>>> print(open('entry03.cif').read())   # mmCIF, C-alpha atoms and all ligand atoms
data_start
loop_
_atom_site.group_PDB
_atom_site.id
_atom_site.type_symbol
_atom_site.label_atom_id
_atom_site.label_comp_id
_atom_site.auth_asym_id
_atom_site.auth_seq_id
_atom_site.Cartn_x
_atom_site.Cartn_y
_atom_site.Cartn_z
ATOM 1 C CA MET A 1 -55.082 -32.050 -46.987
ATOM 2 C CA LYS A 2 -54.091 -35.670 -46.556
ATOM 3 C CA ASN A 3 -56.464 -36.784 -49.276
ATOM 4 C CA TYR A 4 -54.986 -34.444 -51.778
ATOM 5 C CA HIS A 5 -52.809 -36.725 -53.811
ATOM 6 C CA PHE A 6 -53.452 -39.005 -56.696
ATOM 7 C CA ALA A 7 -53.135 -42.735 -56.465
ATOM 8 C CA TYR A 8 -53.079 -44.808 -59.617
ATOM 9 C CA HIS A 9 -52.041 -48.383 -60.048
ATOM 10 C CA VAL A 10 -50.386 -49.029 -63.360
ATOM 11 C CA PRO A 11 -47.468 -51.326 -64.180
ATOM 12 C CA PHE A 12 -44.055 -49.773 -63.772
ATOM 13 C CA ILE A 13 -42.660 -48.698 -67.113
ATOM 14 C CA PRO A 14 -39.220 -47.178 -67.620
ATOM 15 C CA SER A 15 -40.877 -43.886 -68.269
ATOM 16 C CA PHE A 16 -38.610 -41.090 -69.271
ATOM 17 C CA GLY A 17 -36.269 -43.320 -71.234
ATOM 18 C CA LYS A 18 -36.981 -44.514 -74.730
ATOM 19 C CA ALA A 19 -38.227 -47.934 -73.637
ATOM 20 C CA HIS A 20 -41.872 -48.952 -73.768
ATOM 21 C CA TYR A 21 -44.035 -52.059 -73.928
ATOM 22 C CA PRO A 22 -45.604 -53.052 -77.257
ATOM 23 C CA GLU A 23 -48.901 -53.603 -75.445
ATOM 24 C CA ILE A 24 -50.360 -52.953 -72.017
ATOM 25 C CA LYS A 25 -53.579 -53.865 -70.264
ATOM 26 C CA CYS A 26 -56.395 -51.309 -70.440
ATOM 27 C CA ALA A 27 -58.417 -50.358 -67.342
ATOM 28 C CA CYS A 28 -61.471 -51.915 -69.066
ATOM 29 C CA GLY A 29 -59.663 -55.272 -69.319
ATOM 30 C CA GLY A 30 -58.864 -54.891 -73.032
ATOM 31 C CA ILE A 31 -55.506 -54.361 -74.731
ATOM 32 C CA LEU A 32 -53.806 -51.038 -75.499
ATOM 33 C CA LYS A 33 -51.109 -50.806 -78.197
ATOM 34 C CA TYR A 34 -48.097 -48.483 -78.143
ATOM 35 C CA GLN A 35 -48.558 -45.529 -80.513
ATOM 36 C CA ARG A 36 -45.763 -43.010 -80.160
ATOM 37 C CA ARG A 37 -44.083 -40.628 -77.760
ATOM 38 C CA ARG A 38 -46.005 -37.397 -77.447
ATOM 39 C CA LYS A 39 -45.178 -34.028 -75.925
ATOM 40 C CA ALA A 40 -47.147 -32.668 -72.955
ATOM 41 C CA THR A 41 -46.938 -29.601 -70.736
ATOM 42 C CA ILE A 42 -47.545 -29.248 -67.027
ATOM 43 C CA TRP A 43 -47.021 -26.498 -64.473
ATOM 44 C CA SER A 44 -45.019 -27.584 -61.452
ATOM 45 C CA VAL A 45 -43.265 -25.760 -58.624
ATOM 46 C CA PHE A 46 -40.377 -25.468 -61.103
ATOM 47 C CA ASP A 47 -42.529 -23.485 -63.564
ATOM 48 C CA LYS A 48 -43.656 -24.867 -66.930
ATOM 49 C CA VAL A 49 -42.312 -28.352 -67.704
ATOM 50 C CA VAL A 50 -42.435 -29.908 -71.160
ATOM 51 C CA TYR A 51 -41.872 -33.659 -71.374
ATOM 52 C CA LYS A 52 -42.441 -36.602 -73.685
ATOM 53 C CA ARG A 53 -44.073 -39.870 -72.786
ATOM 54 C CA ALA A 54 -45.413 -43.032 -74.412
ATOM 55 C CA ILE A 55 -49.020 -43.016 -75.573
ATOM 56 C CA TYR A 56 -51.102 -46.184 -75.833
ATOM 57 C CA ALA A 57 -54.398 -46.524 -77.709
ATOM 58 C CA GLY A 58 -56.438 -48.867 -79.857
ATOM 59 C CA CYS A 59 -58.574 -50.526 -77.197
ATOM 60 C CA VAL A 60 -62.200 -51.401 -77.976
ATOM 61 C CA CYS A 61 -63.277 -48.927 -75.269
ATOM 62 C CA GLU A 62 -61.584 -46.144 -77.272
ATOM 63 C CA GLN A 63 -59.853 -44.778 -74.183
ATOM 64 C CA GLY A 64 -56.203 -43.933 -74.717
ATOM 65 C CA CYS A 65 -53.622 -44.000 -71.967
ATOM 66 C CA ALA A 66 -50.333 -42.362 -70.946
ATOM 67 C CA PRO A 67 -49.062 -44.562 -68.095
ATOM 68 C CA VAL A 68 -46.444 -42.016 -67.020
ATOM 69 C CA ASP A 69 -49.136 -39.389 -66.473
ATOM 70 C CA GLN A 70 -51.199 -41.871 -64.504
ATOM 71 C CA ARG A 71 -48.343 -43.092 -62.380
ATOM 72 C CA TYR A 72 -47.304 -39.574 -61.345
ATOM 73 C CA GLY A 73 -50.848 -38.222 -61.159
ATOM 74 C CA ILE A 74 -50.156 -35.695 -63.897
ATOM 75 C CA GLU A 75 -52.844 -34.132 -66.034
ATOM 76 C CA PRO A 76 -51.302 -32.546 -69.147
ATOM 77 C CA GLY A 77 -52.139 -28.854 -69.394
ATOM 78 C CA LYS A 78 -52.803 -28.668 -65.647
ATOM 79 C CA VAL A 79 -50.788 -27.973 -62.502
ATOM 80 C CA THR A 80 -49.063 -30.817 -60.645
ATOM 81 C CA SER A 81 -50.452 -31.976 -57.308
ATOM 82 C CA GLY A 82 -47.425 -30.408 -55.565
ATOM 83 C CA LEU A 83 -48.094 -26.979 -57.041
ATOM 84 C CA ALA A 84 -51.851 -27.398 -56.618
ATOM 85 C CA ARG A 85 -51.329 -27.940 -52.902
ATOM 86 C CA LEU A 86 -49.257 -24.766 -52.627
ATOM 87 C CA LEU A 87 -51.805 -22.742 -54.588
ATOM 88 C CA ALA A 88 -54.639 -24.009 -52.417
ATOM 89 C CA LEU A 89 -52.724 -23.201 -49.219
ATOM 90 C CA ILE A 90 -52.161 -19.663 -50.476
ATOM 91 C CA GLY A 91 -55.802 -19.417 -51.546
ATOM 92 C CA VAL A 92 -57.020 -20.478 -48.114
ATOM 93 C CA ASN A 93 -54.753 -18.131 -46.190
ATOM 94 C CA HIS A 94 -54.872 -14.963 -48.295
ATOM 95 C CA ALA A 95 -57.166 -12.988 -50.535
ATOM 96 C CA LEU A 96 -56.669 -14.548 -53.951
ATOM 97 C CA ASP A 97 -54.796 -11.730 -55.665
ATOM 98 C CA GLU A 98 -52.662 -10.965 -52.625
ATOM 99 C CA GLY A 99 -51.797 -14.646 -52.329
ATOM 100 C CA ARG A 100 -50.841 -14.812 -55.962
ATOM 101 C CA LYS A 101 -48.415 -11.933 -55.491
ATOM 102 C CA SER A 102 -46.668 -13.405 -52.465
ATOM 103 C CA LEU A 103 -46.483 -16.771 -54.203
ATOM 104 C CA LYS A 104 -44.527 -15.140 -57.014
ATOM 105 C CA GLU A 105 -41.897 -14.088 -54.492
ATOM 106 C CA PHE A 106 -41.342 -17.718 -53.514
ATOM 107 C CA LEU A 107 -41.756 -19.479 -56.837
ATOM 108 C CA LEU A 108 -40.193 -16.798 -59.076
ATOM 109 C CA PHE A 109 -42.910 -17.248 -61.677
ATOM 110 C CA GLU A 110 -46.428 -15.973 -62.014
ATOM 111 C CA VAL A 111 -49.685 -17.857 -61.559
ATOM 112 C CA SER A 112 -53.030 -16.337 -62.503
ATOM 113 C CA GLU A 113 -55.631 -15.456 -59.896
ATOM 114 C CA ASN A 114 -58.055 -17.834 -61.590
ATOM 115 C CA THR A 115 -55.619 -20.734 -61.195
ATOM 116 C CA VAL A 116 -55.257 -20.001 -57.483
ATOM 117 C CA ARG A 117 -59.039 -19.825 -57.197
ATOM 118 C CA ALA A 118 -59.597 -23.036 -59.152
ATOM 119 C CA GLU A 119 -57.064 -25.030 -57.105
ATOM 120 C CA THR A 120 -58.361 -23.625 -53.807
ATOM 121 C CA GLN A 121 -61.899 -24.598 -54.728
ATOM 122 C CA LYS A 122 -60.751 -28.022 -55.869
ATOM 123 C CA LEU A 123 -59.058 -28.629 -52.535
ATOM 124 C CA GLY A 124 -62.165 -27.402 -50.714
ATOM 125 C CA GLU A 125 -64.290 -29.771 -52.759
ATOM 126 C CA LEU A 126 -61.984 -32.705 -51.950
ATOM 127 C CA GLN A 127 -62.154 -31.886 -48.245
ATOM 128 C CA ARG A 128 -65.952 -31.522 -48.456
ATOM 129 C CA GLN A 129 -66.192 -34.910 -50.158
ATOM 130 C CA ALA A 130 -63.899 -36.550 -47.594
ATOM 131 C CA ASP A 131 -66.031 -35.087 -44.778
ATOM 132 C CA ALA A 132 -69.229 -36.234 -46.487
ATOM 133 C CA ASP A 133 -67.857 -39.778 -46.884
ATOM 134 C CA LEU A 134 -66.873 -39.875 -43.228
ATOM 135 C CA VAL A 135 -70.284 -38.588 -42.140
ATOM 136 C CA LYS A 136 -72.056 -41.147 -44.312
ATOM 137 C CA ALA A 137 -69.988 -44.026 -42.929
ATOM 138 C CA THR A 138 -70.600 -43.025 -39.326
ATOM 139 C CA GLN A 139 -74.357 -42.564 -39.795
ATOM 140 C CA SER A 140 -74.852 -46.143 -40.902
ATOM 141 C CA GLU A 141 -75.372 -48.758 -38.246
ATOM 142 C CA SER A 142 -73.704 -51.524 -40.228
ATOM 143 C CA SER A 143 -70.416 -49.677 -40.715
ATOM 144 C CA LEU A 144 -70.405 -48.665 -37.044
ATOM 145 C CA GLN A 145 -70.881 -52.341 -36.135
ATOM 146 C CA GLU A 146 -68.017 -53.287 -38.458
ATOM 147 C CA ARG A 147 -65.853 -50.742 -36.717
ATOM 148 C CA GLU A 148 -66.841 -52.132 -33.330
ATOM 149 C CA LYS A 149 -65.731 -55.606 -34.426
ATOM 150 C CA SER A 150 -62.309 -54.420 -35.617
ATOM 151 C CA GLN A 151 -61.654 -52.877 -32.162
ATOM 152 C CA PRO A 152 -59.511 -49.907 -33.234
ATOM 153 C CA PRO A 153 -57.184 -48.631 -30.481
ATOM 154 C CA ALA A 154 -58.835 -46.170 -28.107
ATOM 155 C CA PRO A 155 -57.103 -43.100 -26.679
ATOM 156 C CA ASP A 156 -56.748 -42.986 -22.888
ATOM 157 C CA ILE A 157 -57.598 -39.314 -22.339
ATOM 158 C CA LEU A 158 -58.948 -37.331 -25.267
ATOM 159 C CA TYR A 159 -59.915 -33.658 -25.393
ATOM 160 C CA GLY A 160 -62.328 -31.798 -27.630
ATOM 161 C CA SER A 161 -63.145 -28.140 -28.179
ATOM 162 C CA ILE A 162 -65.805 -26.469 -30.311
ATOM 163 C CA ASP A 163 -66.304 -22.815 -31.131
ATOM 164 C CA ALA A 164 -67.922 -20.588 -33.722
ATOM 165 C CA ALA A 165 -66.836 -17.416 -35.492
ATOM 166 C CA LYS A 166 -68.566 -15.048 -37.868
ATOM 167 C CA VAL A 167 -67.137 -15.131 -41.374
ATOM 168 C CA ARG A 168 -67.948 -12.769 -44.182
ATOM 169 C CA VAL A 169 -69.421 -14.412 -47.246
ATOM 170 C CA GLU A 170 -68.521 -12.542 -50.436
ATOM 171 C CA PRO A 171 -70.915 -12.581 -53.377
ATOM 172 C CA ARG A 172 -69.651 -14.866 -56.137
ATOM 173 C CA ASP A 173 -71.058 -12.886 -59.078
ATOM 174 C CA LYS A 174 -73.106 -9.825 -60.072
ATOM 175 C CA LYS A 175 -76.379 -11.693 -59.690
ATOM 176 C CA GLU A 176 -75.589 -12.612 -56.097
ATOM 177 C CA LYS A 177 -74.392 -9.099 -55.389
ATOM 178 C CA ALA A 178 -77.740 -7.693 -56.532
ATOM 179 C CA VAL A 179 -79.780 -9.803 -54.113
ATOM 180 C CA GLU A 180 -81.112 -7.638 -51.324
ATOM 181 C CA ASN A 181 -80.850 -8.930 -47.763
ATOM 182 C CA ARG A 182 -78.261 -11.371 -49.000
ATOM 183 C CA GLU A 183 -76.632 -13.273 -46.168
ATOM 184 C CA LYS A 184 -73.321 -11.497 -45.611
ATOM 185 C CA TRP A 185 -72.104 -13.152 -42.448
ATOM 186 C CA ARG A 186 -72.326 -16.781 -41.501
ATOM 187 C CA ASP A 187 -71.335 -18.841 -38.512
ATOM 188 C CA LEU A 188 -68.232 -20.872 -39.172
ATOM 189 C CA LYS A 189 -68.226 -23.700 -36.673
ATOM 190 C CA VAL A 190 -64.848 -25.161 -35.803
ATOM 191 C CA GLY A 191 -63.863 -28.118 -33.696
ATOM 192 C CA CYS A 192 -60.639 -29.743 -32.607
ATOM 193 C CA TRP A 193 -59.758 -33.122 -31.136
ATOM 194 C CA TYR A 194 -56.472 -33.319 -29.247
ATOM 195 C CA GLU A 195 -54.459 -35.108 -26.613
ATOM 196 C CA GLY A 196 -52.500 -33.568 -23.770
ATOM 197 C CA GLU A 197 -48.853 -33.870 -22.878
ATOM 198 C CA ILE A 198 -46.755 -32.503 -20.046
ATOM 199 C CA VAL A 199 -44.453 -29.637 -21.027
ATOM 200 C CA PRO A 200 -40.918 -30.449 -19.787
ATOM 201 C CA LYS A 201 -39.572 -27.977 -17.215
ATOM 202 C CA SER A 202 -36.739 -26.930 -19.529
ATOM 203 C CA GLN A 203 -39.295 -25.695 -22.087
ATOM 204 C CA HIS A 204 -41.401 -23.585 -19.703
ATOM 205 C CA SER A 205 -42.045 -20.002 -20.770
ATOM 206 C CA ALA A 206 -41.962 -17.216 -18.158
ATOM 207 C CA ARG A 207 -45.753 -17.392 -17.860
ATOM 208 C CA GLN A 208 -45.678 -21.177 -17.567
ATOM 209 C CA LYS A 209 -43.040 -20.992 -14.812
ATOM 210 C CA ASP A 210 -45.462 -18.927 -12.689
ATOM 211 C CA LYS A 211 -48.284 -21.296 -13.507
ATOM 212 C CA ALA A 212 -46.156 -24.350 -12.680
ATOM 213 C CA GLN A 213 -45.481 -22.922 -9.223
ATOM 214 C CA ARG A 214 -49.193 -22.545 -8.581
ATOM 215 C CA GLU A 215 -50.526 -25.660 -10.293
ATOM 216 C CA GLY A 216 -47.628 -28.099 -10.587
ATOM 217 C CA VAL A 217 -48.054 -29.583 -14.039
ATOM 218 C CA ILE A 218 -48.213 -27.668 -17.326
ATOM 219 C CA LEU A 219 -50.045 -29.336 -20.179
ATOM 220 C CA ARG A 220 -50.101 -28.605 -23.865
ATOM 221 C CA ALA A 221 -52.153 -29.987 -26.748
ATOM 222 C CA LYS A 222 -50.729 -32.460 -29.248
ATOM 223 C CA ASN A 223 -52.049 -34.416 -32.244
ATOM 224 C CA GLN A 224 -54.630 -31.716 -32.969
ATOM 225 C CA LYS A 225 -57.211 -32.678 -35.591
ATOM 226 C CA TYR A 226 -59.410 -29.825 -36.791
ATOM 227 C CA PHE A 227 -62.763 -29.905 -38.526
ATOM 228 C CA CYS A 228 -65.081 -27.115 -39.605
ATOM 229 C CA ASP A 229 -68.338 -26.409 -41.390
ATOM 230 C CA ILE A 230 -70.512 -23.460 -42.252
ATOM 231 C CA GLU A 231 -73.721 -25.460 -41.690
ATOM 232 C CA LYS A 232 -76.269 -25.289 -38.873
ATOM 233 C CA ALA A 233 -75.529 -26.970 -35.545
ATOM 234 C CA GLY A 234 -77.430 -30.185 -36.389
ATOM 235 C CA GLN A 235 -75.418 -30.801 -39.546
ATOM 236 C CA PHE A 236 -72.182 -29.794 -37.842
ATOM 237 C CA GLY A 237 -73.062 -32.328 -35.151
ATOM 238 C CA LYS A 238 -72.815 -35.128 -37.706
ATOM 239 C CA LEU A 239 -69.297 -34.016 -38.608
ATOM 240 C CA PHE A 240 -68.516 -33.723 -34.896
ATOM 241 C CA TRP A 241 -69.582 -37.362 -34.458
ATOM 242 C CA ALA A 242 -67.847 -38.545 -37.648
ATOM 243 C CA THR A 243 -64.484 -36.944 -36.846
ATOM 244 C CA GLY A 244 -64.891 -38.199 -33.274
ATOM 245 C CA CYS A 245 -65.253 -41.764 -34.581
ATOM 246 C CA ALA A 246 -62.066 -41.268 -36.610
ATOM 247 C CA VAL A 247 -60.066 -40.412 -33.468
ATOM 248 C CA GLY A 248 -61.862 -42.880 -31.172
ATOM 249 C CA ALA A 249 -63.663 -40.242 -29.076
ATOM 250 C CA ASP A 250 -66.502 -42.672 -28.331
ATOM 251 C CA ARG A 251 -63.999 -45.255 -27.067
ATOM 252 C CA ALA A 252 -61.699 -43.017 -24.994
ATOM 253 C CA ARG A 253 -61.412 -43.934 -21.326
ATOM 254 C CA VAL A 254 -61.810 -40.260 -20.416
ATOM 255 C CA LEU A 255 -63.297 -37.688 -22.769
ATOM 256 C CA VAL A 256 -63.000 -34.014 -21.798
ATOM 257 C CA PHE A 257 -64.555 -31.006 -23.509
ATOM 258 C CA ILE A 258 -63.290 -27.500 -22.912
ATOM 259 C CA CYS A 259 -65.517 -24.894 -24.590
ATOM 260 C CA ASP A 260 -67.248 -21.598 -23.967
ATOM 261 C CA GLY A 261 -70.749 -21.621 -22.489
ATOM 262 C CA ALA A 262 -72.734 -21.547 -25.763
ATOM 263 C CA ILE A 263 -75.853 -23.673 -25.456
ATOM 264 C CA TRP A 264 -75.678 -25.247 -28.937
ATOM 265 C CA ILE A 265 -72.233 -26.594 -28.058
ATOM 266 C CA TRP A 266 -73.306 -28.211 -24.808
ATOM 267 C CA ASN A 267 -76.397 -29.638 -26.511
ATOM 268 C CA LEU A 268 -74.224 -31.327 -29.137
ATOM 269 C CA ILE A 269 -71.893 -32.766 -26.516
ATOM 270 C CA VAL A 270 -74.747 -34.146 -24.427
ATOM 271 C CA HIS A 271 -76.381 -35.602 -27.533
ATOM 272 C CA TYR A 272 -73.289 -37.478 -28.775
ATOM 273 C CA TYR A 273 -71.140 -38.050 -25.688
ATOM 274 C CA GLN A 274 -73.273 -38.220 -22.550
ATOM 275 C CA ASN A 275 -70.430 -39.391 -20.318
ATOM 276 C CA ALA A 276 -67.943 -36.720 -21.269
ATOM 277 C CA ILE A 277 -66.522 -34.304 -18.702
ATOM 278 C CA GLN A 278 -67.560 -30.758 -19.601
ATOM 279 C CA ILE A 279 -65.413 -27.800 -18.598
ATOM 280 C CA VAL A 280 -66.162 -24.162 -19.362
ATOM 281 C CA ASP A 281 -62.910 -22.594 -20.495
ATOM 282 C CA TRP A 282 -61.125 -20.336 -18.036
ATOM 283 C CA TYR A 283 -61.618 -17.137 -19.991
ATOM 284 C CA HIS A 284 -65.396 -17.462 -20.219
ATOM 285 C CA ALA A 285 -65.840 -18.760 -16.667
ATOM 286 C CA ALA A 286 -63.773 -15.911 -15.177
ATOM 287 C CA ASP A 287 -65.595 -13.420 -17.383
ATOM 288 C CA ARG A 288 -68.938 -14.676 -16.057
ATOM 289 C CA LEU A 289 -67.759 -14.065 -12.479
ATOM 290 C CA LYS A 290 -66.885 -10.512 -13.421
ATOM 291 C CA ARG A 291 -70.345 -9.959 -14.858
ATOM 292 C CA ILE A 292 -71.994 -11.351 -11.726
ATOM 293 C CA ALA A 293 -69.825 -9.129 -9.528
ATOM 294 C CA ASP A 294 -70.741 -6.058 -11.598
ATOM 295 C CA GLU A 295 -74.456 -6.803 -11.189
ATOM 296 C CA ALA A 296 -74.389 -7.817 -7.543
ATOM 297 C CA PHE A 297 -72.197 -5.182 -5.866
ATOM 298 C CA ALA A 298 -72.526 -1.408 -6.098
ATOM 299 C CA ASN A 299 -69.564 -0.861 -3.790
ATOM 300 C CA THR A 300 -66.245 -1.111 -5.632
ATOM 301 C CA ASP A 301 -64.260 -2.654 -2.768
ATOM 302 C CA GLU A 302 -66.932 -5.244 -2.051
ATOM 303 C CA ARG A 303 -67.215 -6.061 -5.723
ATOM 304 C CA ARG A 304 -63.479 -6.588 -6.086
ATOM 305 C CA ALA A 305 -63.183 -8.626 -2.894
ATOM 306 C CA TRP A 306 -65.986 -10.963 -3.929
ATOM 307 C CA ARG A 307 -64.632 -11.352 -7.422
ATOM 308 C CA GLU A 308 -61.082 -12.116 -6.261
ATOM 309 C CA LYS A 309 -62.313 -14.736 -3.803
ATOM 310 C CA ALA A 310 -64.669 -16.338 -6.359
ATOM 311 C CA THR A 311 -61.957 -16.401 -9.045
ATOM 312 C CA GLU A 312 -59.499 -17.947 -6.617
ATOM 313 C CA ASP A 313 -62.044 -20.636 -5.686
ATOM 314 C CA LEU A 314 -62.737 -21.305 -9.340
HETATM 315 ZN ZN ZN B 401 -60.207 -50.279 -72.837
#
>>> encode(input="entry03.cif", output="structure tokens")
Amino acid sequence: MKNYHFAYHVPFIPSFGKAHYPEIKCACGGILKYQRRRKATIWSVFDKVVYKRAIYAGCVCEQGCAPVDQRYGIEPGKVTSGLARLLALIGVNHALDEGRKSLKEFLLFEVSENTVRAETQKLGELQRQADADLVKATQSESSLQEREKSQPPAPDILYGSIDAAKVRVEPRDKKEKAVENREKWRDLKVGCWYEGEIVPKSQHSARQKDKAQREGVILRAKNQKYFCDIEKAGQFGKLFWATGCAVGADRARVLVFICDGAIWIWNLIVHYYQNAIQIVDWYHAADRLKRIADEAFANTDERRAWREKATEDL
């Protein structure tokens, strides 16, 4: 999401007034001459906006220029980055048509399903590119050495969690729909880097009050940074490493992973962070004890007694 804005560097020009420069520098190094003020339309969070701005042309490279559009990251005929962000958020969180309808309730104007789809895919593509860049940088020895030299600050205690979920993959067109044995479900792998902080007593929930009496300190996650991919574990591992480099996981004094017991997860952790502390999350560990108890004891009382003792010890 952070990468989703436009950054252009053009000289400041009093834009919406009448003033303009007779000439400006072209991106190619040549000279652009003022032509006229021309109308353009964009779609913003305030609906359709029509505005006029100075147009420059006449460079040898034959590329014209509207500095106002560049400075604000506007593409005439398109949606603004502010609206694009909203559309993409809706597109990620809802089915496209449903999202479009609820968006209308907030914005008070209508956006087509195709626009929501296009902006959602554009955002996805930007995120994919940002991930790919990060992966590339952290797979090259020279850039890792550069990073080592610059000594970025390292977190004291850092946590990581990884999990996977099945997601349904919809066919994109008729041709895809017709394919027999088409892959309908795929593993979405998700990870999160985070730090811990102590929850102040005054903010304890009823459940946390009980827990505080038993365990003393209540922790919660902060500065969560998520990453995800629909690729196989090996490829996901590269993103795991890359995002870890971005948060200094390899330089943390203490690195702790809390995950379920899935083997691919532990393999990735051992491969990239041999010295990390690995903890099976409470839910899965307690569940395993229950399964052992069910297998080991036919007698109900015995089974319960063993399980309670083992859970308490855990
Ligand atoms: Zn030029």
>>> resolve_selection(input="entry03.cif", expression="the PyMOL selection byres (((not hetatm)) within 10 of (chain B and resi 401))", output="list of chain:residue names")
A:Lys25, A:Cys26, A:Ala27, A:Cys28, A:Gly29, A:Gly30, A:Ile31, A:Leu32, A:Ala57, A:Gly58, A:Cys59, A:Val60, A:Cys61, A:Glu62, A:Gln63, A:Gly64, A:Cys65
>>> resolve_selection(input="entry03.cif", expression="the PyMOL selection byres (((chain A and resi 224-240) around 8) and not hetatm)", output="list in words")
Asp131, Leu134, Val135, Gln139, Arg186, Asp187, Leu188, Lys189, Val190, Gly191, Cys192, Trp193, Tyr194, Glu195, Ala221, Lys222, Asn223, Trp241, Ala242, Thr243, Gly244, Trp264 and Leu268 of chain A
>>> closest_residue(input="entry03.cif", among="A:Glu125, A:Asp250, A:Glu183, A:Asp69", to="Pro153 of chain A", atoms="only C-alpha atoms")
A:Asp250
>>> resolve_selection(input="entry03.cif", expression="the PyMOL selection byres (((chain A and resi 275) around 10) and not hetatm)", output="PyMOL selection string")
chain A and resi 250+254-256+269-270+272-274+276-278
>>> axis_aligned_box(input="entry03.cif", around="segment 59-76 of chain A", padding_each_side="5 Å", output="AutoDock Vina command-line options")
--center_x -54.9 --center_y -42.0 --center_z -69.6 --size_x 26.8 --size_y 28.9 --size_z 26.8
>>> atom_distance(input="entry03.cif", atom1="atom CA of Ile157 of chain A", atom2="atom CA of Arg251 of chain A")
9.9 Å
>>> closest_residue(input="entry03.cif", among="A:Gly99, A:Pro200, A:Pro152, A:Gly91", to="Arg117 of chain A", atoms="only C-alpha atoms")
A:Gly91
>>> atom_distance(input="entry03.cif", atom1="atom CA of Gly73 of chain A", atom2="atom CA of Asn93 of chain A")
25.4 Å
>>> atom_distance(input="entry03.cif", atom1="atom CA of Val50 of chain A", atom2="atom CA of Leu107 of chain A")
17.7 Å
>>> residues_around(input="entry03.cif", residues="Ala88 of chain A", least_positions_apart="3", cutoff="6 Å", atoms="all atoms listed in the file", output="ChimeraX atom specification")
/A:85,91,119-120
>>> write_last_selection(input="entry03.cif", atoms="C-alpha atoms", output="PDB file, in the coordinates of the input")
ATOM      1  CA  ARG A  85     -51.329 -27.940 -52.902  1.00  0.00           C
ATOM      2  CA  GLY A  91     -55.802 -19.417 -51.546  1.00  0.00           C
ATOM      3  CA  GLU A 119     -57.064 -25.030 -57.105  1.00  0.00           C
ATOM      4  CA  THR A 120     -58.361 -23.625 -53.807  1.00  0.00           C
TER       5      THR A 120
END
>>> residues_around(input="entry03.cif", residues="segment 295-312 of chain A", least_positions_apart="4", cutoff="12 Å", atoms="all atoms listed in the file", output="PyMOL selection string")
chain A and resi 214+282-291
>>> residues_around(input="entry03.cif", residues="Val280 of chain A", least_positions_apart="4", cutoff="10 Å", atoms="all atoms listed in the file", output="ChimeraX atom specification")
/A:257-262,266,284-286
>>> residues_around(input="entry03.cif", residues="segment 37-42 of chain A", least_positions_apart="2", cutoff="10 Å", atoms="all atoms listed in the file", output="PDB file with C-alpha atoms, in the frame of the given file")
ATOM      1  CA  LYS A  18     -36.981 -44.514 -74.730  1.00  0.00           C
ATOM      2  CA  HIS A  20     -41.872 -48.952 -73.768  1.00  0.00           C
ATOM      3  CA  TYR A  34     -48.097 -48.483 -78.143  1.00  0.00           C
ATOM      4  CA  GLN A  35     -48.558 -45.529 -80.513  1.00  0.00           C
ATOM      5  CA  SER A  44     -45.019 -27.584 -61.452  1.00  0.00           C
ATOM      6  CA  ASP A  47     -42.529 -23.485 -63.564  1.00  0.00           C
ATOM      7  CA  LYS A  48     -43.656 -24.867 -66.930  1.00  0.00           C
ATOM      8  CA  VAL A  49     -42.312 -28.352 -67.704  1.00  0.00           C
ATOM      9  CA  VAL A  50     -42.435 -29.908 -71.160  1.00  0.00           C
ATOM     10  CA  TYR A  51     -41.872 -33.659 -71.374  1.00  0.00           C
ATOM     11  CA  LYS A  52     -42.441 -36.602 -73.685  1.00  0.00           C
ATOM     12  CA  ARG A  53     -44.073 -39.870 -72.786  1.00  0.00           C
ATOM     13  CA  ALA A  54     -45.413 -43.032 -74.412  1.00  0.00           C
ATOM     14  CA  ILE A  55     -49.020 -43.016 -75.573  1.00  0.00           C
ATOM     15  CA  TYR A  56     -51.102 -46.184 -75.833  1.00  0.00           C
ATOM     16  CA  ALA A  66     -50.333 -42.362 -70.946  1.00  0.00           C
ATOM     17  CA  ASP A  69     -49.136 -39.389 -66.473  1.00  0.00           C
ATOM     18  CA  ILE A  74     -50.156 -35.695 -63.897  1.00  0.00           C
ATOM     19  CA  GLU A  75     -52.844 -34.132 -66.034  1.00  0.00           C
ATOM     20  CA  PRO A  76     -51.302 -32.546 -69.147  1.00  0.00           C
ATOM     21  CA  GLY A  77     -52.139 -28.854 -69.394  1.00  0.00           C
ATOM     22  CA  LYS A  78     -52.803 -28.668 -65.647  1.00  0.00           C
ATOM     23  CA  VAL A  79     -50.788 -27.973 -62.502  1.00  0.00           C
ATOM     24  CA  THR A  80     -49.063 -30.817 -60.645  1.00  0.00           C
TER      25      THR A  80
END
>>> closest_residue(input="entry03.cif", among="A:Glu180, A:Glu141, A:Val167, A:Leu86", to="Leu123 of chain A", atoms="only C-alpha atoms")
A:Leu86
